[in-house]
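Participant: Would you mind keeping the following structure in view while I ask a few things?
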Amino acid sequence: VFEKSVEGYAEACERLSASRRLAGIEINASCPHVKAGGIEFGQDPDGLAGLVRACRRATDLPLIVKLSPNVTSIAEMGRVCEAEGADGLSLINSLQALAVDIETRRPVLGNSLGGLTGPAIRPVALRMVWQVAQAVGIPVCGIGGVSTAEDAIAFLLCGASCVQVGTASYTNPAAAIEIRDGLREYCERHGLRGVADLVGALEAPA
């Protein structure tokens with residue numbers, strides 16, 4: 001769900017909750033390429049708290065909040081969502097970015113700023129997933145440049161319970177299936193019962 005106001009988000013959640021076909025709702029708390037005032041609910045703790053609170057009241061479905069990476073403390077934002085009743089978190093959304101046409105001396109995008117995603121943001125996403133997973137007690141979904149089983153495993157080790165595959169699917173529609181198969185092979189090769197054994201198993205230096 002993405003909207004232009006807290007009221008819009010809440011209304012969308014309420015209306016969607018009437019559908020028997022939905023397992024849950026993911027709230028996009030940040031969308032840097034949207035023209036409407038550069039809306040970034042996810043950059044302000046108070047604004048984010050109000051947004052999650054309103055959506056929580058509007059639906060009984062599992063509520064996941066997609067966090068913006070364009071913040072000073074991603075862990076703080078995760079704790080804010082948890083305190084307001086979020087059932088899970090997904091991160092990260094795209095990084096705010098700018099591309100320049102040096103011949104016209106103008107931004108490439110009509111809205112000037114846009115969202116950078118894909119493999120380029122994976123190291124940042126891993127760092128943020130790791131920080132948030134240590135700060136909250138609700139599940140975390142890892143997003144950002146997941147193209148292979150190895151990428152997914154890195155997110156699981158950093159504390160993600162699951163991952164989303166986005167950009168990779170545009171160039172390889174079978175990416176998610178290949179990642180699933182690669183996860184199974186990895187678990188068998190390492191004698192693991194399943195991917196749950198990988199979640200949060202990163203051995204970071206003290």
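Lettering and numbering for the structure tokens are positional, with chains as A, B, ... in the shown order, residues counted from 1 in each chain, and ligands counted from 1 in the shown order.
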Can you tell me, as a PyMOL selection string, which residues in range 8-202 of chain A count as alpha helix (DSSP H) by DSSP?
Facilitator: chain A and resi 8-16+45-58+74-83+122-135+149-157+167-171+175-189
Participant: Between A:Val71, A:Ile27, A:Ala49, A:Ala176, which has the minimum distance to Ala12 in chain A (counting only C-alpha atoms)?
Facilitator: A:Ile27
Participant: So that I can check the surroundings of range 45-48 of chain A, please list as a count of residues only every protein, DNA and RNA residue that reaches within 9 Å of it, counting only C-alpha atoms and ignoring chain neighbours fewer than 5 positions away.
Facilitator: 8
Participant: Per DSSP on the backbone, filter range 8-169 of chain A down to the residues in strand (DSSP E) and report them as a PyMOL selection string.
Facilitator: chain A and resi 25-28+63-66+88-91+95-98+100-101+106-107+113-116+140-142+162-163
Participant: Between A:Arg57, A:Arg20, A:Arg79, A:Arg180, which has the minimum distance to Glu7 in chain A (counting only C-alpha atoms)?
Facilitator: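 The answer is A:Arg57, which sits nearest to Glu7 in chain A.
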Participant: Return the single residue from A:Leu63, A:Val165, A:Ala204, A:Ile153 that is closest to Pro139 in chain A, with distances computed using only C-alpha atoms.
Facilitator: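 Smallest separation from Pro139 in chain A among the options: A:Leu63.
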Participant: For Leu95 in chain A, which residue among A:Thr148, A:Gly50, A:Ser30, A:Ala154 is the nearest when counting only C-alpha atoms?
Facilitator: A:Ser30
Participant: Please indicate the distance in Å from CA of Leu156 in chain A to CA of Trp130 in chain A, rounded to one decimal place.
Facilitator: 9.3 Å
Participant: Pick the closest to Leu98 in chain A from A:Gly8, A:Gly110, A:Pro69, A:Gly85: which is it, counting only C-alpha atoms?
Facilitator: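 Of the candidates, the smallest distance to Leu98 in chain A is held by A:Gly110.
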Participant: Quick one: residues within 10 Å of Ser68 in chain A, only C-alpha atoms counted, chain neighbours fewer than 4 positions away excluded, as an NGL selection string?
Facilitator: :A and (28-32 or 40-43 or 74 or 77 or 90-96)
Participant: From the options A:Asp151, A:Cys162, A:Arg106, A:Ser19, which residue's atoms come nearest to Gly88 in chain A, counting only C-alpha atoms?
Facilitator: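 Smallest separation from Gly88 in chain A among the options: A:Cys162.
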